[in-house]
Each structure stands twice: as structure tokens, then as C-alpha cells.
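Text of my_file.txt, listed as compact mmCIF, C-alpha atoms and all ligand atoms:
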# COMPACT_ATOMS: atom_id res chain seq x y z
CA MET A 29 97.88 87.59 19.75
CA ASN A 30 101.26 89.07 20.72
CA ASP A 31 102.73 89.07 24.24
CA LEU A 32 103.84 92.70 24.24
CA GLY A 33 101.80 93.87 27.20
CA THR A 34 98.48 95.59 26.82
CA GLY A 35 99.21 97.17 23.41
CA LYS A 36 97.61 95.67 20.32
CA TYR A 37 99.59 96.09 17.14
CA ALA A 38 98.68 96.20 13.47
CA VAL A 39 101.38 95.93 10.83
CA VAL A 40 100.57 97.82 7.63
CA ILE A 41 102.51 96.64 4.57
CA VAL A 42 102.39 98.99 1.60
CA ALA A 43 102.85 97.05 -1.64
CA ALA A 44 100.96 99.16 -4.18
CA GLY A 45 103.94 100.78 -5.95
CA SER A 46 104.63 100.20 -9.64
CA GLY A 47 108.30 99.28 -9.16
CA GLU A 48 109.34 100.80 -12.48
CA ARG A 49 112.98 101.32 -11.42
CA LEU A 50 113.46 97.58 -10.91
CA GLY A 51 112.53 97.01 -14.55
CA PHE A 52 110.62 93.72 -14.20
CA GLY A 53 107.49 95.13 -15.84
CA MET A 54 105.40 94.16 -12.81
CA PRO A 55 104.67 95.67 -9.38
CA LYS A 56 107.80 95.39 -7.24
CA ALA A 57 105.94 93.49 -4.50
CA LYS A 58 105.35 90.68 -7.02
CA VAL A 59 108.99 90.35 -8.11
CA PRO A 60 110.33 86.95 -7.01
CA LEU A 61 113.05 86.74 -4.38
CA GLY A 62 114.25 83.27 -3.46
CA GLY A 63 111.32 81.92 -5.52
CA GLU A 64 108.58 83.87 -3.66
CA PRO A 65 107.13 87.34 -4.28
CA MET A 66 108.77 90.05 -2.18
CA LEU A 67 105.44 90.75 -0.50
CA VAL A 68 105.27 87.19 0.84
CA HIS A 69 108.69 87.65 2.49
CA ALA A 70 107.50 90.93 4.02
CA ILE A 71 104.35 89.28 5.42
CA ARG A 72 106.27 86.25 6.74
CA GLY A 73 108.80 88.60 8.36
CA ALA A 74 106.03 90.47 10.19
CA LEU A 75 104.52 87.15 11.32
CA LYS A 76 107.91 85.86 12.48
CA SER A 77 108.30 88.92 14.73
CA GLY A 78 105.21 87.85 16.71
CA VAL A 79 104.18 91.53 16.85
CA PRO A 80 100.98 91.85 14.78
CA ASP A 81 97.46 91.19 16.00
CA GLN A 82 96.38 92.27 12.52
CA ILE A 83 98.20 92.74 9.19
CA CYS A 84 96.80 95.16 6.59
CA VAL A 85 98.27 95.03 3.10
CA ALA A 86 97.80 97.74 0.46
CA LEU A 87 97.88 96.00 -2.92
CA PRO A 88 98.20 97.48 -6.41
CA ARG A 89 94.66 98.33 -7.54
CA GLY A 90 93.30 95.59 -9.79
CA ASP A 91 96.17 93.13 -9.17
CA VAL A 92 94.44 89.77 -9.06
CA GLU A 93 97.56 87.63 -8.68
CA LEU A 94 98.98 89.22 -5.50
CA ARG A 95 95.48 89.26 -3.99
CA SER A 96 95.11 85.54 -4.64
CA ILE A 97 98.58 84.80 -3.14
CA CYS A 98 97.59 86.80 -0.04
CA GLU A 99 94.26 85.00 0.21
CA THR A 100 96.13 81.68 0.29
CA LEU A 101 98.29 83.08 3.12
CA THR A 102 95.12 84.18 4.95
CA VAL A 103 93.92 80.58 5.03
CA GLU A 104 97.38 79.39 6.21
CA MET A 105 97.45 82.01 8.98
CA ALA A 106 93.91 81.24 10.13
CA GLY A 107 94.90 77.56 10.35
CA SER A 108 97.81 78.40 12.66
CA ASN A 109 95.78 80.85 14.79
CA GLY A 110 97.75 83.75 13.32
CA PRO A 111 96.68 87.39 13.03
CA ALA A 112 93.95 88.50 10.64
CA LEU A 113 95.11 89.62 7.18
CA GLU A 114 93.17 92.50 5.59
CA LEU A 115 93.68 93.37 1.93
CA VAL A 116 92.92 96.85 0.55
CA ASN A 117 93.51 98.65 -2.73
CA GLY A 118 96.44 101.08 -2.55
CA GLY A 119 96.38 104.66 -3.83
CA ASP A 120 98.33 106.80 -6.29
CA SER A 121 100.97 107.75 -3.70
CA ARG A 122 102.59 105.78 -0.87
CA SER A 123 100.89 108.05 1.62
CA GLU A 124 97.44 107.35 0.09
CA SER A 125 98.17 103.62 0.26
CA VAL A 126 98.98 103.96 3.96
CA ARG A 127 95.68 105.81 4.54
CA ALA A 128 93.71 103.12 2.67
CA ALA A 129 95.28 100.47 4.93
CA LEU A 130 94.65 102.56 8.08
CA ASP A 131 90.95 102.58 7.20
CA ALA A 132 91.02 98.79 7.63
CA VAL A 133 92.75 98.84 11.05
CA ARG A 134 90.55 97.30 13.76
CA GLY A 135 89.08 99.39 16.57
CA ASP A 136 91.02 97.60 19.35
CA ILE A 137 94.45 98.31 17.79
CA THR A 138 96.57 100.82 19.77
CA ALA A 139 99.73 101.09 17.67
CA VAL A 140 100.71 100.52 14.05
CA LEU A 141 103.98 99.53 12.39
CA ILE A 142 104.17 100.64 8.76
CA HIS A 143 106.41 98.60 6.54
CA ASP A 144 107.39 98.74 2.86
CA ALA A 145 107.04 95.49 0.89
CA ALA A 146 110.19 96.81 -0.82
CA ARG A 147 112.15 95.81 2.36
CA PRO A 148 111.29 92.10 2.35
CA LEU A 149 114.06 90.91 4.71
CA ALA A 150 113.56 93.21 7.73
CA PRO A 151 114.41 90.97 10.70
CA ALA A 152 112.36 90.35 13.86
CA GLU A 153 114.97 92.20 15.95
CA VAL A 154 113.98 95.49 14.32
CA TYR A 155 110.28 94.91 15.06
CA GLU A 156 111.28 94.19 18.68
CA ARG A 157 113.26 97.45 19.01
CA ILE A 158 110.35 99.45 17.61
CA THR A 159 107.77 97.89 19.92
CA ALA A 160 110.11 98.24 22.94
CA ALA A 161 110.35 102.00 22.32
CA LEU A 162 106.56 102.27 21.82
CA ALA A 163 105.97 100.32 25.05
CA ASN A 164 108.28 102.82 26.78
CA GLY A 165 106.17 105.81 25.78
CA ALA A 166 107.44 106.86 22.34
CA LYS A 167 104.66 107.91 19.94
CA ALA A 168 106.81 107.53 16.84
CA VAL A 169 109.85 105.26 16.40
CA ILE A 170 111.90 104.63 13.29
CA PRO A 171 114.83 102.26 12.56
CA ALA A 172 118.02 103.72 11.13
CA LEU A 173 121.58 102.98 10.11
CA ALA A 174 124.51 105.38 10.30
CA VAL A 175 125.37 106.81 6.88
CA VAL A 176 128.66 105.59 5.37
CA ASP A 177 128.76 107.89 2.33
CA THR A 178 129.39 111.61 2.55
CA ILE A 179 126.07 113.30 1.64
CA LYS A 180 125.85 116.66 -0.15
CA ASN A 181 123.02 119.06 -1.02
CA VAL A 182 123.10 119.95 -4.71
CA GLU A 183 121.33 122.19 -7.18
CA PRO A 184 121.09 122.01 -11.01
CA ALA A 185 123.94 123.78 -12.85
CA GLN A 186 125.43 124.11 -16.35
CA LEU A 187 129.04 124.37 -17.56
CA GLY A 188 130.74 125.99 -20.55
CA ASP A 189 129.29 127.32 -23.80
CA SER A 190 127.54 124.01 -24.51
CA GLY A 191 125.58 124.29 -21.26
CA LEU A 192 126.75 120.83 -20.12
CA ARG A 193 124.27 119.82 -17.43
CA VAL A 194 125.84 119.01 -14.07
CA GLU A 195 125.03 119.82 -10.43
CA ARG A 196 126.64 122.33 -8.05
CA VAL A 197 127.26 121.51 -4.39
CA GLN A 198 125.38 123.75 -1.97
CA GLY A 199 126.62 122.23 1.26
CA THR A 200 127.72 119.16 3.20
CA PRO A 201 125.80 118.19 6.35
CA ALA A 202 127.91 116.61 9.11
CA ARG A 203 127.86 112.87 8.43
CA SER A 204 127.96 111.97 12.13
CA GLN A 205 124.44 113.44 12.50
CA LEU A 206 122.92 111.74 9.45
CA ARG A 207 120.94 108.48 9.51
CA ALA A 208 119.50 106.36 6.68
CA ILE A 209 115.91 105.58 7.67
CA GLN A 210 114.21 102.24 7.12
CA THR A 211 110.89 100.57 7.86
CA PRO A 212 109.00 99.23 9.80
CA GLN A 213 108.21 102.56 11.45
CA GLY A 214 106.09 102.38 14.61
CA PHE A 215 103.43 104.84 15.78
CA ASP A 216 100.83 105.19 18.45
CA LEU A 217 97.63 105.00 16.38
CA PRO A 218 95.99 108.35 17.34
CA THR A 219 99.27 110.17 16.52
CA LEU A 220 99.53 108.43 13.15
CA ARG A 221 95.91 109.22 12.31
CA ARG A 222 96.49 112.92 13.13
CA ALA A 223 99.62 112.91 10.94
CA HIS A 224 97.68 111.43 8.02
CA GLU A 225 94.79 113.86 8.47
CA PHE A 226 97.42 116.57 7.94
CA ALA A 227 98.84 114.69 4.90
CA ALA A 228 95.40 114.53 3.30
CA THR A 229 95.36 118.37 3.19
CA LEU A 230 98.60 118.65 1.17
CA ASP A 231 98.58 119.54 -2.54
CA ALA A 232 99.91 117.00 -5.05
CA GLU A 233 103.39 118.57 -5.20
CA ALA A 234 103.85 118.56 -1.42
CA ALA A 235 102.35 115.05 -1.16
CA ALA A 236 104.91 113.74 -3.66
CA GLU A 237 107.71 114.87 -1.29
CA ILE A 238 106.38 112.67 1.52
CA THR A 239 108.65 109.62 1.48
CA ASP A 240 107.90 108.19 4.90
CA ASP A 241 105.30 108.45 7.67
CA ALA A 242 107.72 109.87 10.23
CA MET A 243 107.96 113.06 8.10
CA LEU A 244 104.26 113.64 8.71
CA VAL A 245 104.60 113.09 12.44
CA GLU A 246 107.50 115.58 12.48
CA ALA A 247 105.29 118.04 10.59
CA ILE A 248 102.61 117.94 13.31
CA GLY A 249 105.26 118.68 15.94
CA GLU A 250 105.60 115.29 17.66
CA ASP A 251 108.98 113.80 18.62
CA VAL A 252 110.21 110.94 16.45
CA PHE A 253 112.69 108.56 18.11
CA VAL A 254 115.33 106.46 16.37
CA VAL A 255 116.44 102.88 17.10
CA GLN A 256 119.03 100.69 15.39
CA GLY A 257 117.95 99.31 12.00
CA SER A 258 119.52 96.39 10.14
CA SER A 259 121.60 95.89 7.01
CA HIS A 260 119.14 93.08 6.16
CA SER A 261 116.33 95.65 5.87
CA LEU A 262 117.76 96.94 2.60
CA LYS A 263 115.28 98.58 0.26
CA ILE A 264 115.06 96.82 -3.09
CA THR A 265 114.97 99.48 -5.79
CA THR A 266 117.48 98.41 -8.44
CA PRO A 267 118.54 95.03 -9.91
CA THR A 268 121.75 95.32 -7.82
CA ASP A 269 119.67 95.47 -4.62
CA LEU A 270 117.83 92.33 -5.74
CA LEU A 271 121.14 90.48 -6.27
CA LEU A 272 122.25 91.45 -2.77
CA ALA A 273 118.94 90.28 -1.27
CA GLU A 274 119.21 86.94 -3.12
CA ALA A 275 122.75 86.54 -1.75
CA LEU A 276 121.52 87.30 1.79
CA LEU A 277 118.87 84.59 1.46
CA GLN A 278 121.32 82.02 0.11
CA GLY A 279 124.49 82.84 2.05
CA PRO A 280 125.31 80.14 4.61
CA LEU A 281 126.47 82.82 7.06
CA ALA A 282 123.27 84.82 6.69
CA PRO A 283 120.34 82.49 7.44
CA ARG A 284 116.96 84.00 6.80
CA TRP A 285 115.67 86.42 9.47
CA VAL A 286 118.92 86.34 11.46
CA GLU A 287 120.21 89.84 11.85
CA GLY A 288 123.41 91.05 10.16
O1 LIG B 301 108.49 103.75 -4.62
P1 LIG B 301 109.10 103.32 -3.34
O2 LIG B 301 110.08 102.18 -3.53
O3 LIG B 301 109.67 104.43 -2.51
O4 LIG B 301 107.90 102.72 -2.50
C1 LIG B 301 108.04 102.35 -1.14
C2 LIG B 301 106.90 101.41 -0.77
O5 LIG B 301 105.65 102.09 -0.91
C3 LIG B 301 106.85 100.16 -1.66
O6 LIG B 301 106.66 99.02 -0.83
C4 LIG B 301 105.67 100.43 -2.57
O7 LIG B 301 104.98 99.25 -2.98
C5 LIG B 301 104.77 101.29 -1.68
N1 LIG B 301 103.87 102.17 -2.47
C6 LIG B 301 102.49 102.02 -2.33
N2 LIG B 301 101.64 102.81 -3.08
C7 LIG B 301 102.12 103.71 -3.95
C8 LIG B 301 103.52 103.89 -4.09
C9 LIG B 301 104.38 103.10 -3.33
O8 LIG B 301 102.04 101.16 -1.56
N3 LIG B 301 101.26 104.42 -4.68

Using C-alpha cells, write down the structure from this file.
Ligand code: C5P
Amino acid sequence: MNDLGTGKYAVVIVAAGSGERLGFGMPKAKVPLGGEPMLVHAIRGALKSGVPDQICVALPRGDVELRSICETLTVEMAGSNGPALELVNGGDSRSESVRAALDAVRGDITAVLIHDAARPLAPAEVYERITAALANGAKAVIPALAVVDTIKNVEPAQLGDSGLRVERVQGTPARSQLRAIQTPQGFDLPTLRRAHEFAATLDAEAAAEITDDAMLVEAIGEDVFVVQGSSHSLKITTPTDLLLAEALLQGPLAPRWVEG
């Protein structure tokens, strides 16, 4: 049980993606980082934060190995009086995986933090900032970093007689107003359920454009608030990201779970 006042928190970890871009030929959540699957780091990170009363994990459908690793963790957590760990089968899209996990959230839970297994090193400090904002009345809170690159909107274009395929710049949003958004994202549970009821009505094309839960909360007209994220919460998508995460785990100046 956490000591965050009267709120009871579930952490949902979505781990049902195929992870094709990483090129390991296995679901990304299973790819080893520092000798353990990424998902195990994500679960241990949530536990370390002291936030969850319950953890719900959406696993790749039919993946026996990750399920068995999680079941071992369940026993470990029960032995140390930790939160309950619920395992569900994920869906075809991230948003469907979130909904499958929400179906397993206990009736006494008041707020949910949704986290990607693809961000295995998110530190406890980020969980604390999210829950502090929720405890202060926010219904949706997301962690973010300022953007360092200049970002441009582009459209497909062609050049010359050969029709060389390139892109044409349409515009450049002011960098000072841009943020790169991470997880865990925190929501008051009724707000999140309303947002996902809306998501369930979207057609496949619109659903594919939903890349985080905050987008859905924005779509139903609720305010979404932003707190400071962490460079340790990097999203592992490419082999280069994995190298960086390995270095973060091994670097003597970056001990595990200490914020950078
Ligand atoms: O594909 P992407 O890296 O954006 O996925 C973000 C997170 O959503 C990952 O942790 C992935 O496992 C999860 N996901 C999921 N179910 C899907 C697709 C993605 O749980 N169908």
C-alpha cells in the first residue's frame, strides 16, 4: 500500500507491442537490458516508486515466456507484501492494450499511471511528480522534456524529372513551446475511462494515430498538465537507444533509478 494520501493507484504497463523496429525478432518487452527483460525493469521501476497498490501488465497475446517471468515476480512481490500483479493479453493497438489492462483494474483504485515497457528506466522521481500533481487536483498529468532539435511539419514531395522522392517543409512550430512527452502518464480513473470509451468509437485509421493516452483526454476536452520528465525515461525503439540504456545501467555516475 502506498502512503500517498487517500488515493489508491494502479500502474498499467503496456508490453504487448511487437518491437519490430528494434530488430531482435521478439517482442520488445522481452529484449534483455542489463541481463533482464525490459519489462522486468519497468515493473521493478514502478515498485521502487512505492506508488502502485496494483500493477496491471498487458502482455503479447500467447507469449508464454514473459507470462512465466511475471508469474515469478508475482510470487516475489507477494512474499514482500508488495502490490498485486495482474496479467492480461494485450490488443492489436497500444490503445486496445491499455483498455484490456483497465478492465483488470480493481474497484477501489482511484487513479492510474500508464507506462510503456519500452521506457524501462523511468525513475521514481517522475512517478512522484505525477502523483503530486494528481493529489493536487489534476485529472491528467504527463512527464515531458524540452525539445532540443528544431521540429518541422513536412509533406511528401518529388524533385526533378526523375521524381526523386523527398519531403517539403510546411512550417516550423516555435521550439520553446514544444515538449517531448514520456510515460508514466497519470490520470484520475473516471476521466481515463471516459477517454477510452471515446477511443473505442474511433475507426482503425484514427485509432492508429493515437500514440498516447493524454491525446484521448485532450479529445474529450479535459486539461492535461505537464511535469518534468527525465532523460533516463528514454524510449527504446532502435538498437542505438538500447546501447544508451545499457550505458546508463552500467555507468558509475548513473546508478540505476537515480535521476539524470
Ligand atoms: O510501438 P511503440 O514503441 O510506440 O509502443 C509503445 C508501448 O506500447 C510499448 O511498451 C509496447 O509494448 C506497447 N504496445 C502494446 N500493444 C500494442 C502495441 C504497443 O502494449 N498492440

Close residues to ligand LIG 301 (chain B) using all atoms listed in the file, limit 7 Å, as an mmCIF file with C-alpha atoms, in the coordinates of the input:
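Okay, part.cif is ready:
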data_model
loop_
_atom_site.group_PDB
_atom_site.id
_atom_site.type_symbol
_atom_site.label_atom_id
_atom_site.label_comp_id
_atom_site.auth_asym_id
_atom_site.auth_seq_id
_atom_site.Cartn_x
_atom_site.Cartn_y
_atom_site.Cartn_z
ATOM 1 C CA VAL A 42 102.390 98.990 1.600
ATOM 2 C CA ALA A 43 102.850 97.050 -1.640
ATOM 3 C CA ALA A 44 100.960 99.160 -4.180
ATOM 4 C CA GLY A 45 103.940 100.780 -5.950
ATOM 5 C CA SER A 46 104.630 100.200 -9.640
ATOM 6 C CA GLY A 47 108.300 99.280 -9.160
ATOM 7 C CA LYS A 56 107.800 95.390 -7.240
ATOM 8 C CA ALA A 57 105.940 93.490 -4.500
ATOM 9 C CA ALA A 86 97.800 97.740 0.460
ATOM 10 C CA LEU A 87 97.880 96.000 -2.920
ATOM 11 C CA GLY A 118 96.440 101.080 -2.550
ATOM 12 C CA GLY A 119 96.380 104.660 -3.830
ATOM 13 C CA ASP A 120 98.330 106.800 -6.290
ATOM 14 C CA SER A 121 100.970 107.750 -3.700
ATOM 15 C CA ARG A 122 102.590 105.780 -0.870
ATOM 16 C CA GLU A 124 97.440 107.350 0.090
ATOM 17 C CA SER A 125 98.170 103.620 0.260
ATOM 18 C CA VAL A 126 98.980 103.960 3.960
ATOM 19 C CA ASP A 144 107.390 98.740 2.860
ATOM 20 C CA ALA A 145 107.040 95.490 0.890
ATOM 21 C CA ALA A 146 110.190 96.810 -0.820
ATOM 22 C CA THR A 239 108.650 109.620 1.480
ATOM 23 C CA THR A 265 114.970 99.480 -5.790
#

- Near Phe226 (chain A), counting only C-alpha atoms, which residues have an atom at most 9 Å away, once you skip same-chain residues fewer than 5 positions from it, shown as a VMD selection string? chain A and resid 221 244 247 to 248

- Selection near region 113-116 of chain A, 10 Å with all atoms listed in the file, sequence-local residues under 3 positions removed, as an NGL selection string: :A and (38-42 or 44 or 71 or 80-89 or 95 or 98-99 or 101-103 or 105-106 or 110 or 119 or 125-126 or 128-134)

- Query: Hey, can you check how far CA of Ser77 (chain A) sits from CA of Lys167 (chain A)?
  - Reply: 20.0 Å

- Query: What lies within 9 Å of region 192-199 of chain A using all atoms listed in the file, ignoring chain neighbours under 2 positions off, as an MDAnalysis selection string?
  - Reply: chainID A and resid 179:190 201

- Task: Would you kindly return, as a PyMOL selection string, each protein, DNA or RNA residue with an atom no farther than 8 Å from any atom of Gln213 (chain A), considering all atoms listed in the file and excluding same-chain residues fewer than 6 positions away?
- Result: chain A and resi 141-143+158+168-171+241-242

Place N, CA and C atoms on region 231-264 of chain A and deliver the coordinates as an mmCIF file, keeping the file's coordinate frame.
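Output file part.cif is given in full below:
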data_model
loop_
_atom_site.group_PDB
_atom_site.id
_atom_site.type_symbol
_atom_site.label_atom_id
_atom_site.label_comp_id
_atom_site.auth_asym_id
_atom_site.auth_seq_id
_atom_site.Cartn_x
_atom_site.Cartn_y
_atom_site.Cartn_z
ATOM 1 N N ASP A 231 98.794 119.589 -1.087
ATOM 2 C CA ASP A 231 98.580 119.540 -2.540
ATOM 3 C C ASP A 231 99.471 118.459 -3.145
ATOM 4 N N ALA A 232 99.244 118.146 -4.413
ATOM 5 C CA ALA A 232 99.910 117.000 -5.050
ATOM 6 C C ALA A 232 101.435 117.128 -4.996
ATOM 7 N N GLU A 233 101.932 118.369 -5.186
ATOM 8 C CA GLU A 233 103.390 118.570 -5.200
ATOM 9 C C GLU A 233 103.995 118.270 -3.827
ATOM 10 N N ALA A 234 103.355 118.798 -2.784
ATOM 11 C CA ALA A 234 103.850 118.560 -1.420
ATOM 12 C C ALA A 234 103.704 117.087 -1.054
ATOM 13 N N ALA A 235 102.592 116.468 -1.485
ATOM 14 C CA ALA A 235 102.350 115.050 -1.160
ATOM 15 C C ALA A 235 103.426 114.167 -1.784
ATOM 16 N N ALA A 236 103.903 114.550 -2.977
ATOM 17 C CA ALA A 236 104.910 113.740 -3.660
ATOM 18 C C ALA A 236 106.259 113.748 -2.914
ATOM 19 N N GLU A 237 106.457 114.767 -2.061
ATOM 20 C CA GLU A 237 107.710 114.870 -1.290
ATOM 21 C C GLU A 237 107.679 114.028 -0.015
ATOM 22 N N ILE A 238 106.507 113.459 0.285
ATOM 23 C CA ILE A 238 106.380 112.670 1.520
ATOM 24 C C ILE A 238 106.886 111.259 1.245
ATOM 25 N N THR A 239 108.065 110.930 1.780
ATOM 26 C CA THR A 239 108.650 109.620 1.480
ATOM 27 C C THR A 239 108.547 108.644 2.642
ATOM 28 N N ASP A 240 108.193 109.136 3.818
ATOM 29 C CA ASP A 240 107.900 108.190 4.900
ATOM 30 C C ASP A 240 106.862 108.798 5.845
ATOM 31 N N ASP A 241 106.357 107.990 6.770
ATOM 32 C CA ASP A 241 105.300 108.450 7.670
ATOM 33 C C ASP A 241 105.855 109.328 8.779
ATOM 34 N N ALA A 242 107.119 109.073 9.151
ATOM 35 C CA ALA A 242 107.720 109.870 10.230
ATOM 36 C C ALA A 242 107.758 111.356 9.842
ATOM 37 N N MET A 243 107.947 111.661 8.564
ATOM 38 C CA MET A 243 107.960 113.060 8.100
ATOM 39 C C MET A 243 106.677 113.778 8.487
ATOM 40 N N LEU A 244 105.563 113.047 8.402
ATOM 41 C CA LEU A 244 104.260 113.640 8.710
ATOM 42 C C LEU A 244 104.116 113.875 10.203
ATOM 43 N N VAL A 245 104.655 112.941 10.984
ATOM 44 C CA VAL A 245 104.600 113.090 12.440
ATOM 45 C C VAL A 245 105.478 114.274 12.863
ATOM 46 N N GLU A 246 106.641 114.409 12.219
ATOM 47 C CA GLU A 246 107.500 115.580 12.480
ATOM 48 C C GLU A 246 106.728 116.861 12.165
ATOM 49 N N ALA A 247 105.999 116.831 11.048
ATOM 50 C CA ALA A 247 105.290 118.040 10.590
ATOM 51 C C ALA A 247 104.201 118.470 11.564
ATOM 52 N N ILE A 248 103.635 117.525 12.336
ATOM 53 C CA ILE A 248 102.610 117.940 13.310
ATOM 54 C C ILE A 248 103.227 118.200 14.685
ATOM 55 N N GLY A 249 104.567 118.219 14.730
ATOM 56 C CA GLY A 249 105.260 118.680 15.940
ATOM 57 C C GLY A 249 105.486 117.629 17.011
ATOM 58 N N GLU A 250 105.336 116.350 16.672
ATOM 59 C CA GLU A 250 105.600 115.290 17.660
ATOM 60 C C GLU A 250 107.051 114.807 17.530
ATOM 61 N N ASP A 251 107.632 114.365 18.656
ATOM 62 C CA ASP A 251 108.980 113.800 18.620
ATOM 63 C C ASP A 251 108.987 112.457 17.907
ATOM 64 N N VAL A 252 110.009 112.243 17.102
ATOM 65 C CA VAL A 252 110.210 110.940 16.450
ATOM 66 C C VAL A 252 111.528 110.381 16.992
ATOM 67 N N PHE A 253 111.493 109.161 17.520
ATOM 68 C CA PHE A 253 112.690 108.560 18.110
ATOM 69 C C PHE A 253 113.277 107.510 17.164
ATOM 70 N N VAL A 254 114.601 107.315 17.298
ATOM 71 C CA VAL A 254 115.330 106.460 16.370
ATOM 72 C C VAL A 254 115.944 105.278 17.116
ATOM 73 N N VAL A 255 115.762 104.067 16.563
ATOM 74 C CA VAL A 255 116.440 102.880 17.100
ATOM 75 C C VAL A 255 117.298 102.275 15.984
ATOM 76 N N GLN A 256 118.123 101.303 16.367
ATOM 77 C CA GLN A 256 119.030 100.690 15.390
ATOM 78 C C GLN A 256 118.246 99.885 14.351
ATOM 79 N N GLY A 257 118.548 100.101 13.078
ATOM 80 C CA GLY A 257 117.950 99.310 12.000
ATOM 81 C C GLY A 257 118.809 98.084 11.723
ATOM 82 N N SER A 258 118.752 97.587 10.490
ATOM 83 C CA SER A 258 119.520 96.390 10.140
ATOM 84 C C SER A 258 119.950 96.457 8.681
ATOM 85 N N SER A 259 121.151 95.933 8.413
ATOM 86 C CA SER A 259 121.600 95.890 7.010
ATOM 87 C C SER A 259 120.740 94.917 6.198
ATOM 88 N N HIS A 260 120.027 94.008 6.882
ATOM 89 C CA HIS A 260 119.140 93.080 6.160
ATOM 90 C C HIS A 260 117.836 93.757 5.703
ATOM 91 N N SER A 261 117.566 94.946 6.247
ATOM 92 C CA SER A 261 116.330 95.650 5.870
ATOM 93 C C SER A 261 116.526 96.489 4.623
ATOM 94 N N LEU A 262 117.470 96.117 3.790
ATOM 95 C CA LEU A 262 117.760 96.940 2.600
ATOM 96 C C LEU A 262 116.515 97.112 1.742
ATOM 97 N N LYS A 263 116.417 98.299 1.118
ATOM 98 C CA LYS A 263 115.280 98.580 0.260
ATOM 99 C C LYS A 263 115.616 98.158 -1.164
ATOM 100 N N ILE A 264 114.782 97.329 -1.754
ATOM 101 C CA ILE A 264 115.060 96.820 -3.090
ATOM 102 C C ILE A 264 114.473 97.784 -4.119
#
